[in-house]
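Have a look at model13.pdb; it's PDB, N, CA and C atoms:
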```
ATOM      1  N   MET A  25     -29.768 -34.958 -40.506
ATOM      2  CA  MET A  25     -31.094 -34.484 -40.233
ATOM      3  C   MET A  25     -31.651 -33.829 -41.495
ATOM      4  N   VAL A  26     -32.903 -34.180 -41.821
ATOM      5  CA  VAL A  26     -33.579 -33.594 -42.965
ATOM      6  C   VAL A  26     -34.760 -32.804 -42.412
ATOM      7  N   ARG A  27     -34.780 -31.522 -42.690
ATOM      8  CA  ARG A  27     -35.810 -30.636 -42.126
ATOM      9  C   ARG A  27     -36.990 -30.481 -43.080
ATOM     10  N   PHE A  28     -38.192 -30.475 -42.484
ATOM     11  CA  PHE A  28     -39.428 -30.291 -43.235
ATOM     12  C   PHE A  28     -40.327 -29.304 -42.498
ATOM     13  N   ASN A  29     -41.206 -28.674 -43.229
ATOM     14  CA  ASN A  29     -42.262 -27.882 -42.616
ATOM     15  C   ASN A  29     -43.238 -28.845 -41.955
ATOM     16  N   LYS A  30     -43.837 -28.429 -40.867
ATOM     17  CA  LYS A  30     -44.757 -29.298 -40.116
ATOM     18  C   LYS A  30     -45.924 -29.795 -40.959
ATOM     19  N   ARG A  31     -46.296 -29.074 -41.992
ATOM     20  CA  ARG A  31     -47.461 -29.475 -42.802
ATOM     21  C   ARG A  31     -47.246 -30.795 -43.544
ATOM     22  N   TYR A  32     -45.995 -31.244 -43.650
ATOM     23  CA  TYR A  32     -45.708 -32.488 -44.360
ATOM     24  C   TYR A  32     -45.682 -33.722 -43.454
ATOM     25  N   TYR A  33     -45.848 -33.534 -42.157
ATOM     26  CA  TYR A  33     -45.699 -34.647 -41.215
ATOM     27  C   TYR A  33     -46.595 -35.831 -41.564
ATOM     28  N   GLU A  34     -47.882 -35.612 -41.691
ATOM     29  CA  GLU A  34     -48.803 -36.726 -41.939
ATOM     30  C   GLU A  34     -48.524 -37.420 -43.262
ATOM     31  N   ASP A  35     -48.274 -36.658 -44.319
ATOM     32  CA  ASP A  35     -47.994 -37.256 -45.627
ATOM     33  C   ASP A  35     -46.726 -38.102 -45.599
ATOM     34  N   ILE A  36     -45.719 -37.666 -44.862
ATOM     35  CA  ILE A  36     -44.484 -38.439 -44.776
ATOM     36  C   ILE A  36     -44.670 -39.642 -43.861
ATOM     37  N   ALA A  37     -45.330 -39.447 -42.724
ATOM     38  CA  ALA A  37     -45.535 -40.546 -41.770
ATOM     39  C   ALA A  37     -46.346 -41.685 -42.380
ATOM     40  N   THR A  38     -47.242 -41.357 -43.320
ATOM     41  CA  THR A  38     -48.095 -42.374 -43.940
ATOM     42  C   THR A  38     -47.598 -42.789 -45.327
ATOM     43  N   ALA A  39     -46.412 -42.324 -45.712
ATOM     44  CA  ALA A  39     -45.767 -42.666 -46.989
ATOM     45  C   ALA A  39     -46.525 -42.161 -48.211
ATOM     46  N   ARG A  40     -47.355 -41.130 -48.053
ATOM     47  CA  ARG A  40     -47.955 -40.484 -49.225
ATOM     48  C   ARG A  40     -46.926 -39.584 -49.910
ATOM     49  N   LYS A  41     -45.956 -39.126 -49.149
ATOM     50  CA  LYS A  41     -44.855 -38.318 -49.685
ATOM     51  C   LYS A  41     -43.577 -39.092 -49.422
ATOM     52  N   THR A  42     -42.875 -39.460 -50.493
ATOM     53  CA  THR A  42     -41.666 -40.277 -50.361
ATOM     54  C   THR A  42     -40.447 -39.625 -51.016
ATOM     55  N   SER A  43     -40.564 -38.342 -51.296
ATOM     56  CA  SER A  43     -39.418 -37.623 -51.853
ATOM     57  C   SER A  43     -39.526 -36.155 -51.478
ATOM     58  N   THR A  44     -38.430 -35.470 -51.675
ATOM     59  CA  THR A  44     -38.389 -34.027 -51.474
ATOM     60  C   THR A  44     -37.391 -33.456 -52.464
ATOM     61  N   ILE A  45     -37.570 -32.209 -52.781
ATOM     62  CA  ILE A  45     -36.653 -31.533 -53.689
ATOM     63  C   ILE A  45     -35.948 -30.449 -52.906
ATOM     64  N   ARG A  46     -34.639 -30.431 -53.023
ATOM     65  CA  ARG A  46     -33.822 -29.472 -52.283
ATOM     66  C   ARG A  46     -32.997 -28.638 -53.250
ATOM     67  N   TYR A  47     -32.885 -27.372 -52.904
ATOM     68  CA  TYR A  47     -32.078 -26.431 -53.684
ATOM     69  C   TYR A  47     -31.063 -25.814 -52.725
ATOM     70  N   GLU A  48     -29.799 -26.045 -53.008
ATOM     71  CA  GLU A  48     -28.714 -25.533 -52.170
ATOM     72  C   GLU A  48     -28.899 -25.935 -50.707
ATOM     73  N   ASP A  49     -29.368 -27.163 -50.497
ATOM     74  CA  ASP A  49     -29.598 -27.733 -49.164
ATOM     75  C   ASP A  49     -29.275 -29.225 -49.265
ATOM     76  N   PRO A  50     -27.986 -29.574 -49.330
ATOM     77  CA  PRO A  50     -27.584 -30.955 -49.602
ATOM     78  C   PRO A  50     -28.088 -31.961 -48.566
ATOM     79  N   VAL A  51     -28.431 -33.146 -49.062
ATOM     80  CA  VAL A  51     -28.875 -34.269 -48.236
ATOM     81  C   VAL A  51     -28.072 -35.488 -48.682
ATOM     82  N   ALA A  52     -27.592 -36.262 -47.711
ATOM     83  CA  ALA A  52     -26.785 -37.448 -48.033
ATOM     84  C   ALA A  52     -27.607 -38.721 -47.856
ATOM     85  N   PRO A  53     -27.382 -39.730 -48.704
ATOM     86  CA  PRO A  53     -28.056 -41.022 -48.526
ATOM     87  C   PRO A  53     -27.662 -41.664 -47.197
ATOM     88  N   GLY A  54     -28.590 -42.458 -46.660
ATOM     89  CA  GLY A  54     -28.323 -43.195 -45.426
ATOM     90  C   GLY A  54     -29.364 -42.900 -44.368
ATOM     91  N   PRO A  55     -29.158 -43.444 -43.156
ATOM     92  CA  PRO A  55     -30.110 -43.216 -42.063
ATOM     93  C   PRO A  55     -30.261 -41.723 -41.785
ATOM     94  N   ALA A  56     -31.469 -41.318 -41.425
ATOM     95  CA  ALA A  56     -31.721 -39.891 -41.199
ATOM     96  C   ALA A  56     -32.830 -39.708 -40.169
ATOM     97  N   ILE A  57     -32.801 -38.563 -39.549
ATOM     98  CA  ILE A  57     -33.904 -38.114 -38.714
ATOM     99  C   ILE A  57     -34.619 -37.031 -39.516
ATOM    100  N   PHE A  58     -35.931 -37.169 -39.663
ATOM    101  CA  PHE A  58     -36.742 -36.166 -40.347
ATOM    102  C   PHE A  58     -37.325 -35.260 -39.271
ATOM    103  N   LEU A  59     -36.960 -33.992 -39.308
ATOM    104  CA  LEU A  59     -37.387 -33.014 -38.313
ATOM    105  C   LEU A  59     -38.458 -32.114 -38.907
ATOM    106  N   PHE A  60     -39.592 -32.039 -38.239
ATOM    107  CA  PHE A  60     -40.716 -31.208 -38.687
ATOM    108  C   PHE A  60     -40.743 -29.974 -37.814
ATOM    109  N   GLU A  61     -40.411 -28.838 -38.404
ATOM    110  CA  GLU A  61     -40.246 -27.593 -37.672
ATOM    111  C   GLU A  61     -41.527 -26.776 -37.658
ATOM    112  N   ASP A  62     -41.445 -25.636 -37.016
ATOM    113  CA  ASP A  62     -42.525 -24.647 -36.978
ATOM    114  C   ASP A  62     -43.726 -25.127 -36.174
ATOM    115  N   ASP A  63     -43.550 -26.053 -35.272
ATOM    116  CA  ASP A  63     -44.593 -26.528 -34.379
ATOM    117  C   ASP A  63     -44.204 -26.102 -32.970
ATOM    118  N   GLU A  64     -45.158 -26.122 -32.044
ATOM    119  CA  GLU A  64     -44.809 -25.784 -30.659
ATOM    120  C   GLU A  64     -43.690 -26.691 -30.164
ATOM    121  N   ALA A  65     -43.835 -27.980 -30.412
ATOM    122  CA  ALA A  65     -42.795 -28.950 -30.078
ATOM    123  C   ALA A  65     -42.468 -29.698 -31.363
ATOM    124  N   PRO A  66     -41.306 -29.416 -31.973
ATOM    125  CA  PRO A  66     -40.959 -30.096 -33.227
ATOM    126  C   PRO A  66     -41.040 -31.613 -33.088
ATOM    127  N   ARG A  67     -41.557 -32.254 -34.128
ATOM    128  CA  ARG A  67     -41.672 -33.716 -34.148
ATOM    129  C   ARG A  67     -40.608 -34.287 -35.067
ATOM    130  N   THR A  68     -40.285 -35.563 -34.841
ATOM    131  CA  THR A  68     -39.304 -36.235 -35.681
ATOM    132  C   THR A  68     -39.796 -37.626 -36.051
ATOM    133  N   LEU A  69     -39.258 -38.128 -37.139
ATOM    134  CA  LEU A  69     -39.457 -39.508 -37.572
ATOM    135  C   LEU A  69     -38.097 -40.069 -37.957
ATOM    136  N   GLU A  70     -37.907 -41.351 -37.725
ATOM    137  CA  GLU A  70     -36.692 -42.016 -38.195
ATOM    138  C   GLU A  70     -36.926 -42.480 -39.623
ATOM    139  N   GLY A  71     -35.899 -42.378 -40.431
ATOM    140  CA  GLY A  71     -36.036 -42.818 -41.806
ATOM    141  C   GLY A  71     -34.702 -43.062 -42.463
ATOM    142  N   THR A  72     -34.767 -43.308 -43.744
ATOM    143  CA  THR A  72     -33.576 -43.532 -44.553
ATOM    144  C   THR A  72     -33.714 -42.750 -45.847
ATOM    145  N   VAL A  73     -32.684 -42.012 -46.185
ATOM    146  CA  VAL A  73     -32.602 -41.375 -47.499
ATOM    147  C   VAL A  73     -32.074 -42.452 -48.430
ATOM    148  N   THR A  74     -32.911 -42.888 -49.370
ATOM    149  CA  THR A  74     -32.570 -44.021 -50.229
ATOM    150  C   THR A  74     -31.893 -43.618 -51.533
ATOM    151  N   GLY A  75     -31.961 -42.349 -51.875
ATOM    152  CA  GLY A  75     -31.316 -41.909 -53.101
ATOM    153  C   GLY A  75     -31.347 -40.412 -53.259
ATOM    154  N   VAL A  76     -30.325 -39.882 -53.906
ATOM    155  CA  VAL A  76     -30.237 -38.455 -54.206
ATOM    156  C   VAL A  76     -29.800 -38.326 -55.657
ATOM    157  N   GLU A  77     -30.626 -37.659 -56.458
ATOM    158  CA  GLU A  77     -30.319 -37.461 -57.877
ATOM    159  C   GLU A  77     -30.307 -35.967 -58.175
ATOM    160  N   ARG A  78     -29.320 -35.531 -58.924
ATOM    161  CA  ARG A  78     -29.270 -34.123 -59.346
ATOM    162  C   ARG A  78     -29.998 -33.986 -60.680
ATOM    163  N   HIS A  79     -30.825 -32.958 -60.772
ATOM    164  CA  HIS A  79     -31.589 -32.669 -61.983
ATOM    165  C   HIS A  79     -31.684 -31.169 -62.167
ATOM    166  N   ARG A  80     -31.992 -30.781 -63.369
ATOM    167  CA  ARG A  80     -32.395 -29.395 -63.606
ATOM    168  C   ARG A  80     -33.883 -29.320 -63.319
ATOM    169  N   LEU A  81     -34.296 -28.260 -62.681
ATOM    170  CA  LEU A  81     -35.693 -28.072 -62.328
ATOM    171  C   LEU A  81     -36.612 -28.200 -63.538
ATOM    172  N   ASP A  82     -36.205 -27.648 -64.666
ATOM    173  CA  ASP A  82     -37.062 -27.667 -65.856
ATOM    174  C   ASP A  82     -37.087 -29.031 -66.549
ATOM    175  N   ARG A  83     -36.421 -30.031 -65.973
ATOM    176  CA  ARG A  83     -36.425 -31.377 -66.557
ATOM    177  C   ARG A  83     -37.042 -32.424 -65.628
ATOM    178  N   LEU A  84     -37.690 -31.985 -64.568
ATOM    179  CA  LEU A  84     -38.366 -32.935 -63.676
ATOM    180  C   LEU A  84     -39.554 -33.561 -64.389
ATOM    181  N   THR A  85     -39.923 -34.769 -63.972
ATOM    182  CA  THR A  85     -41.013 -35.498 -64.622
ATOM    183  C   THR A  85     -42.290 -35.468 -63.785
ATOM    184  N   ALA A  86     -43.391 -35.834 -64.417
ATOM    185  CA  ALA A  86     -44.669 -35.932 -63.712
ATOM    186  C   ALA A  86     -44.590 -36.965 -62.593
ATOM    187  N   GLU A  87     -43.853 -38.051 -62.809
ATOM    188  CA  GLU A  87     -43.684 -39.068 -61.768
ATOM    189  C   GLU A  87     -42.941 -38.502 -60.566
ATOM    190  N   GLN A  88     -41.930 -37.692 -60.794
ATOM    191  CA  GLN A  88     -41.211 -37.074 -59.683
ATOM    192  C   GLN A  88     -42.118 -36.109 -58.922
ATOM    193  N   ALA A  89     -42.958 -35.385 -59.628
ATOM    194  CA  ALA A  89     -43.919 -34.492 -58.967
ATOM    195  C   ALA A  89     -44.876 -35.305 -58.104
ATOM    196  N   ARG A  90     -45.350 -36.437 -58.609
ATOM    197  CA  ARG A  90     -46.281 -37.282 -57.859
ATOM    198  C   ARG A  90     -45.623 -37.829 -56.593
ATOM    199  N   LEU A  91     -44.386 -38.306 -56.693
ATOM    200  CA  LEU A  91     -43.673 -38.823 -55.527
ATOM    201  C   LEU A  91     -43.475 -37.754 -54.456
ATOM    202  N   ASP A  92     -43.398 -36.511 -54.889
ATOM    203  CA  ASP A  92     -43.212 -35.399 -53.959
ATOM    204  C   ASP A  92     -44.546 -34.886 -53.416
ATOM    205  N   GLY A  93     -45.649 -35.557 -53.795
ATOM    206  CA  GLY A  93     -46.951 -35.207 -53.242
ATOM    207  C   GLY A  93     -47.743 -34.200 -54.056
ATOM    208  N   PHE A  94     -47.333 -33.936 -55.291
ATOM    209  CA  PHE A  94     -48.029 -32.975 -56.152
ATOM    210  C   PHE A  94     -48.746 -33.698 -57.277
ATOM    211  N   THR A  95     -49.740 -33.047 -57.849
ATOM    212  CA  THR A  95     -50.507 -33.669 -58.925
ATOM    213  C   THR A  95     -49.993 -33.294 -60.312
ATOM    214  N   SER A  96     -49.111 -32.294 -60.388
ATOM    215  CA  SER A  96     -48.579 -31.886 -61.695
ATOM    216  C   SER A  96     -47.230 -31.199 -61.518
ATOM    217  N   ILE A  97     -46.516 -31.104 -62.619
ATOM    218  CA  ILE A  97     -45.234 -30.391 -62.621
ATOM    219  C   ILE A  97     -45.454 -28.925 -62.269
ATOM    220  N   ASP A  98     -46.502 -28.312 -62.830
ATOM    221  CA  ASP A  98     -46.767 -26.900 -62.545
ATOM    222  C   ASP A  98     -47.022 -26.674 -61.061
ATOM    223  N   GLN A  99     -47.789 -27.574 -60.441
ATOM    224  CA  GLN A  99     -48.066 -27.458 -59.009
ATOM    225  C   GLN A  99     -46.759 -27.603 -58.212
ATOM    226  N   LEU A 100     -45.919 -28.542 -58.612
ATOM    227  CA  LEU A 100     -44.631 -28.737 -57.952
ATOM    228  C   LEU A 100     -43.782 -27.477 -58.052
ATOM    229  N   LYS A 101     -43.658 -26.921 -59.227
ATOM    230  CA  LYS A 101     -42.834 -25.726 -59.415
ATOM    231  C   LYS A 101     -43.367 -24.551 -58.611
ATOM    232  N   LYS A 102     -44.682 -24.407 -58.548
ATOM    233  CA  LYS A 102     -45.288 -23.332 -57.750
ATOM    234  C   LYS A 102     -44.965 -23.537 -56.267
ATOM    235  N   GLY A 103     -45.039 -24.788 -55.802
ATOM    236  CA  GLY A 103     -44.691 -25.086 -54.417
ATOM    237  C   GLY A 103     -43.233 -24.780 -54.121
ATOM    238  N   LEU A 104     -42.348 -25.124 -55.049
ATOM    239  CA  LEU A 104     -40.924 -24.854 -54.857
ATOM    240  C   LEU A 104     -40.638 -23.356 -54.820
ATOM    241  N   GLN A 105     -41.350 -22.590 -55.646
ATOM    242  CA  GLN A 105     -41.178 -21.136 -55.623
ATOM    243  C   GLN A 105     -41.556 -20.569 -54.254
ATOM    244  N   GLY A 106     -42.546 -21.201 -53.584
ATOM    245  CA  GLY A 106     -42.924 -20.772 -52.246
ATOM    246  C   GLY A 106     -41.830 -21.048 -51.224
ATOM    247  N   HIS A 107     -41.137 -22.173 -51.386
ATOM    248  CA  HIS A 107     -40.041 -22.521 -50.474
ATOM    249  C   HIS A 107     -38.765 -21.764 -50.810
ATOM    250  N   TYR A 108     -38.537 -21.552 -52.095
ATOM    251  CA  TYR A 108     -37.304 -20.930 -52.564
ATOM    252  C   TYR A 108     -37.641 -19.759 -53.488
ATOM    253  N   PRO A 109     -38.043 -18.609 -52.932
ATOM    254  CA  PRO A 109     -38.374 -17.454 -53.776
ATOM    255  C   PRO A 109     -37.213 -17.105 -54.707
ATOM    256  N   GLY A 110     -37.536 -16.824 -55.959
ATOM    257  CA  GLY A 110     -36.510 -16.481 -56.931
ATOM    258  C   GLY A 110     -35.795 -17.685 -57.522
ATOM    259  N   LEU A 111     -36.296 -18.892 -57.270
ATOM    260  CA  LEU A 111     -35.686 -20.113 -57.800
ATOM    261  C   LEU A 111     -35.679 -20.056 -59.326
ATOM    262  N   PRO A 112     -34.495 -20.125 -59.948
ATOM    263  CA  PRO A 112     -34.437 -20.086 -61.415
ATOM    264  C   PRO A 112     -35.092 -21.330 -62.022
ATOM    265  N   SER A 113     -35.725 -21.174 -63.177
ATOM    266  CA  SER A 113     -36.408 -22.302 -63.819
ATOM    267  C   SER A 113     -35.443 -23.398 -64.251
ATOM    268  N   ASP A 114     -34.166 -23.050 -64.423
ATOM    269  CA  ASP A 114     -33.166 -24.042 -64.815
ATOM    270  C   ASP A 114     -32.223 -24.400 -63.663
ATOM    271  N   ALA A 115     -32.673 -24.188 -62.433
ATOM    272  CA  ALA A 115     -31.843 -24.450 -61.250
ATOM    273  C   ALA A 115     -31.463 -25.922 -61.170
ATOM    274  N   GLU A 116     -30.265 -26.182 -60.671
ATOM    275  CA  GLU A 116     -29.824 -27.542 -60.365
ATOM    276  C   GLU A 116     -30.367 -27.882 -58.982
ATOM    277  N   ILE A 117     -31.212 -28.897 -58.909
ATOM    278  CA  ILE A 117     -31.823 -29.288 -57.642
ATOM    279  C   ILE A 117     -31.433 -30.728 -57.322
ATOM    280  N   GLU A 118     -31.699 -31.135 -56.092
ATOM    281  CA  GLU A 118     -31.526 -32.531 -55.706
ATOM    282  C   GLU A 118     -32.898 -33.135 -55.476
ATOM    283  N   PHE A 119     -33.164 -34.243 -56.147
ATOM    284  CA  PHE A 119     -34.390 -35.009 -55.958
ATOM    285  C   PHE A 119     -34.038 -36.110 -54.966
ATOM    286  N   VAL A 120     -34.604 -36.030 -53.769
ATOM    287  CA  VAL A 120     -34.235 -36.898 -52.654
ATOM    288  C   VAL A 120     -35.361 -37.892 -52.389
ATOM    289  N   LYS A 121     -35.061 -39.182 -52.497
ATOM    290  CA  LYS A 121     -36.040 -40.235 -52.177
ATOM    291  C   LYS A 121     -35.764 -40.732 -50.763
ATOM    292  N   PHE A 122     -36.838 -41.044 -50.045
ATOM    293  CA  PHE A 122     -36.665 -41.511 -48.668
ATOM    294  C   PHE A 122     -37.805 -42.432 -48.269
ATOM    295  N   ARG A 123     -37.612 -43.098 -47.128
ATOM    296  CA  ARG A 123     -38.682 -43.899 -46.543
ATOM    297  C   ARG A 123     -38.627 -43.720 -45.034
ATOM    298  N   VAL A 124     -39.774 -43.836 -44.408
ATOM    299  CA  VAL A 124     -39.873 -43.760 -42.961
ATOM    300  C   VAL A 124     -39.677 -45.152 -42.390
ATOM    301  N   GLU A 125     -38.833 -45.266 -41.384
ATOM    302  CA  GLU A 125     -38.554 -46.564 -40.776
ATOM    303  C   GLU A 125     -39.543 -46.894 -39.665
ATOM    304  N   ALA A 126     -39.984 -45.881 -38.942
ATOM    305  CA  ALA A 126     -40.904 -46.096 -37.820
ATOM    306  C   ALA A 126     -41.909 -44.961 -37.817
ATOM    307  N   PRO A 127     -43.204 -45.261 -37.753
ATOM    308  CA  PRO A 127     -44.212 -44.219 -37.811
ATOM    309  C   PRO A 127     -44.321 -43.385 -36.531
ATOM    310  N   ASP A 128     -43.721 -43.833 -35.444
ATOM    311  CA  ASP A 128     -43.819 -43.109 -34.184
ATOM    312  C   ASP A 128     -42.752 -42.027 -34.114
ATOM    313  N   ALA A 129     -43.074 -40.941 -33.453
ATOM    314  CA  ALA A 129     -42.126 -39.847 -33.277
ATOM    315  C   ALA A 129     -40.966 -40.299 -32.398
ATOM    316  N   VAL A 130     -39.785 -39.806 -32.708
ATOM    317  CA  VAL A 130     -38.584 -40.092 -31.949
ATOM    318  C   VAL A 130     -38.354 -38.928 -31.004
ATOM    319  N   GLU A 131     -38.109 -39.202 -29.768
ATOM    320  CA  GLU A 131     -37.854 -38.117 -28.803
ATOM    321  C   GLU A 131     -36.380 -37.809 -28.728
TER     322      GLU A 131
END
```
What's the structure tokens form of this structure?
Amino acid sequence: MVRFNKRYYEDIATARKTSTIRYEDPVAPGPAIFLFEDDEAPRTLEGTVTGVERHRLDRLTAEQARLDGFTSIDQLKKGLQGHYPGLPSDAEIEFVKFRVEAPDAVE
């Protein structure tokens, strides 16, 4: 199971967001359920984690920021600081690529 904030549901369901960055929250390649939390009734999507790459945060590229739904590296880093307060600029993170298999919610 890969957990997301509910605000990402539409972007992931429509494939505008096809990656996520995780810090000390390991994700394994293969079939996955994407769980969108913080809603009255959490929603899910079926998908596949297609790849996991380890990187240093300060070495991410503009393309990786775009795949994660951001317009710049600075915007991406600011977003990550919101999810992970105190995240070191040289943190080892996982860049996780995924795709949604079915656009309908799984019960």
Long-range neighbours of region 76-82 of chain A as a JSON list (two decimals) with N, CA and C atoms, in the coordinates of the input, 6.5 Å cut-off, only N, CA and C atoms, 3 positions minimum in chain:
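Okay, around_11.json is ready:
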```json
[["chain", "number", "residue", "atom", "x", "y", "z"],
["A", 53, "PRO", "N", -27.38, -39.73, -48.70],
["A", 53, "PRO", "CA", -28.06, -41.02, -48.53],
["A", 53, "PRO", "C", -27.66, -41.66, -47.20],
["A", 73, "VAL", "N", -32.68, -42.01, -46.18],
["A", 73, "VAL", "CA", -32.60, -41.38, -47.50],
["A", 73, "VAL", "C", -32.07, -42.45, -48.43],
["A", 113, "SER", "N", -35.72, -21.17, -63.18],
["A", 113, "SER", "CA", -36.41, -22.30, -63.82],
["A", 113, "SER", "C", -35.44, -23.40, -64.25],
["A", 114, "ASP", "N", -34.17, -23.05, -64.42],
["A", 114, "ASP", "CA", -33.17, -24.04, -64.82],
["A", 114, "ASP", "C", -32.22, -24.40, -63.66],
["A", 115, "ALA", "N", -32.67, -24.19, -62.43],
["A", 115, "ALA", "CA", -31.84, -24.45, -61.25],
["A", 115, "ALA", "C", -31.46, -25.92, -61.17],
["A", 116, "GLU", "N", -30.26, -26.18, -60.67],
["A", 116, "GLU", "CA", -29.82, -27.54, -60.36],
["A", 116, "GLU", "C", -30.37, -27.88, -58.98],
["A", 117, "ILE", "N", -31.21, -28.90, -58.91],
["A", 117, "ILE", "CA", -31.82, -29.29, -57.64],
["A", 117, "ILE", "C", -31.43, -30.73, -57.32],
["A", 118, "GLU", "N", -31.70, -31.14, -56.09],
["A", 118, "GLU", "CA", -31.53, -32.53, -55.71],
["A", 118, "GLU", "C", -32.90, -33.14, -55.48],
["A", 119, "PHE", "N", -33.16, -34.24, -56.15],
["A", 119, "PHE", "CA", -34.39, -35.01, -55.96],
["A", 119, "PHE", "C", -34.04, -36.11, -54.97],
["A", 120, "VAL", "N", -34.60, -36.03, -53.77],
["A", 120, "VAL", "CA", -34.24, -36.90, -52.65],
["A", 120, "VAL", "C", -35.36, -37.89, -52.39],
["A", 121, "LYS", "N", -35.06, -39.18, -52.50],
["A", 121, "LYS", "CA", -36.04, -40.24, -52.18],
["A", 121, "LYS", "C", -35.76, -40.73, -50.76]]
```
Next item on the list: Enumerate the residues of chain A with a DSSP assignment of strand (DSSP E), computed from the backbone, and present them as a count of residues only.
Entry: 41
Next item on the list: Kindly resolve the PyMOL selection byres (((chain A and resi 85 and name CA) around 12) and name CA) on the present coordinates and return the residues as a PyMOL selection string.
Entry: chain A and resi 79-84+86-92+94-98+100-101+119
Checklist line | Residues matched by the PyMOL selection byres ((chain A and resi 123) around 7) as JSON, numbers by chain | finding: {"A": [42, 43, 70, 71, 72, 73, 74, 121, 122, 124, 125, 126]}
Checklist line | For Arg27 (chain A): contacts at 7 Å, only N, CA and C atoms, fewer than 4 positions along chain excluded, given as a ChimeraX atom specification | finding: /A:57-61
Next item on the list: To verify the selection step, state as JSON, numbers by chain which residues the PyMOL selection byres (((chain A and resi 34 and name CA) around 12) and name CA) yields on this input.
Entry: {"A": [28, 29, 30, 31, 32, 33, 35, 36, 37, 38, 39, 40, 41, 42, 60, 67, 68, 69, 93, 124, 127, 128, 129]}
Notebook entry, point to check: Between CA of Gly75 (chain A) and CA of Gly54 (chain A), what is the spacing in Å?
Noted result: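 So the answer is 8.3 Å.
Atom pair CA of Glu64 (chain A) / CA of Gly106 (chain A): separated by 22.2 Å.
Every protein, DNA or RNA residue with an atom at most 9 Å from Leu104 (chain A), where only C-alpha atoms count and chain neighbours fewer than 6 positions away do not, is listed here: Ile45, Arg46 and Leu111 of chain A.
In this structure, CA of Thr44 (chain A) sits 22.4 Å away from CA of Ala65 (chain A).
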Produce the centre coordinates and the three edge lengths, each in Å to one decimal, of the box along x, y and z that contains all listed atoms of region 63-76 of chain A with 3 Å added on each side, as AutoDock Vina command-line options.
```
--center_x -37.5 --center_y -34.9 --center_z -42.9 --size_x 21.4 --size_y 24.2 --size_z 31.6
```
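Selecting alpha helix (DSSP H) from the backbone DSSP output for chain A yields Tyr33, Glu34, Asp35, Ile36, Ala37, Ala86, Glu87, Gln88, Ala89, Arg90, Leu91, Ile97, Asp98, Gln99, Leu100, Lys101, Lys102, Gly103, Leu104, Gln105, Gly106 and His107 of chain A.
Proximity ranking of A:Lys102, A:His107, A:Ala52, A:Tyr47 relative to Met25 (chain A) places A:Ala52 first, based on all atoms listed in the file.
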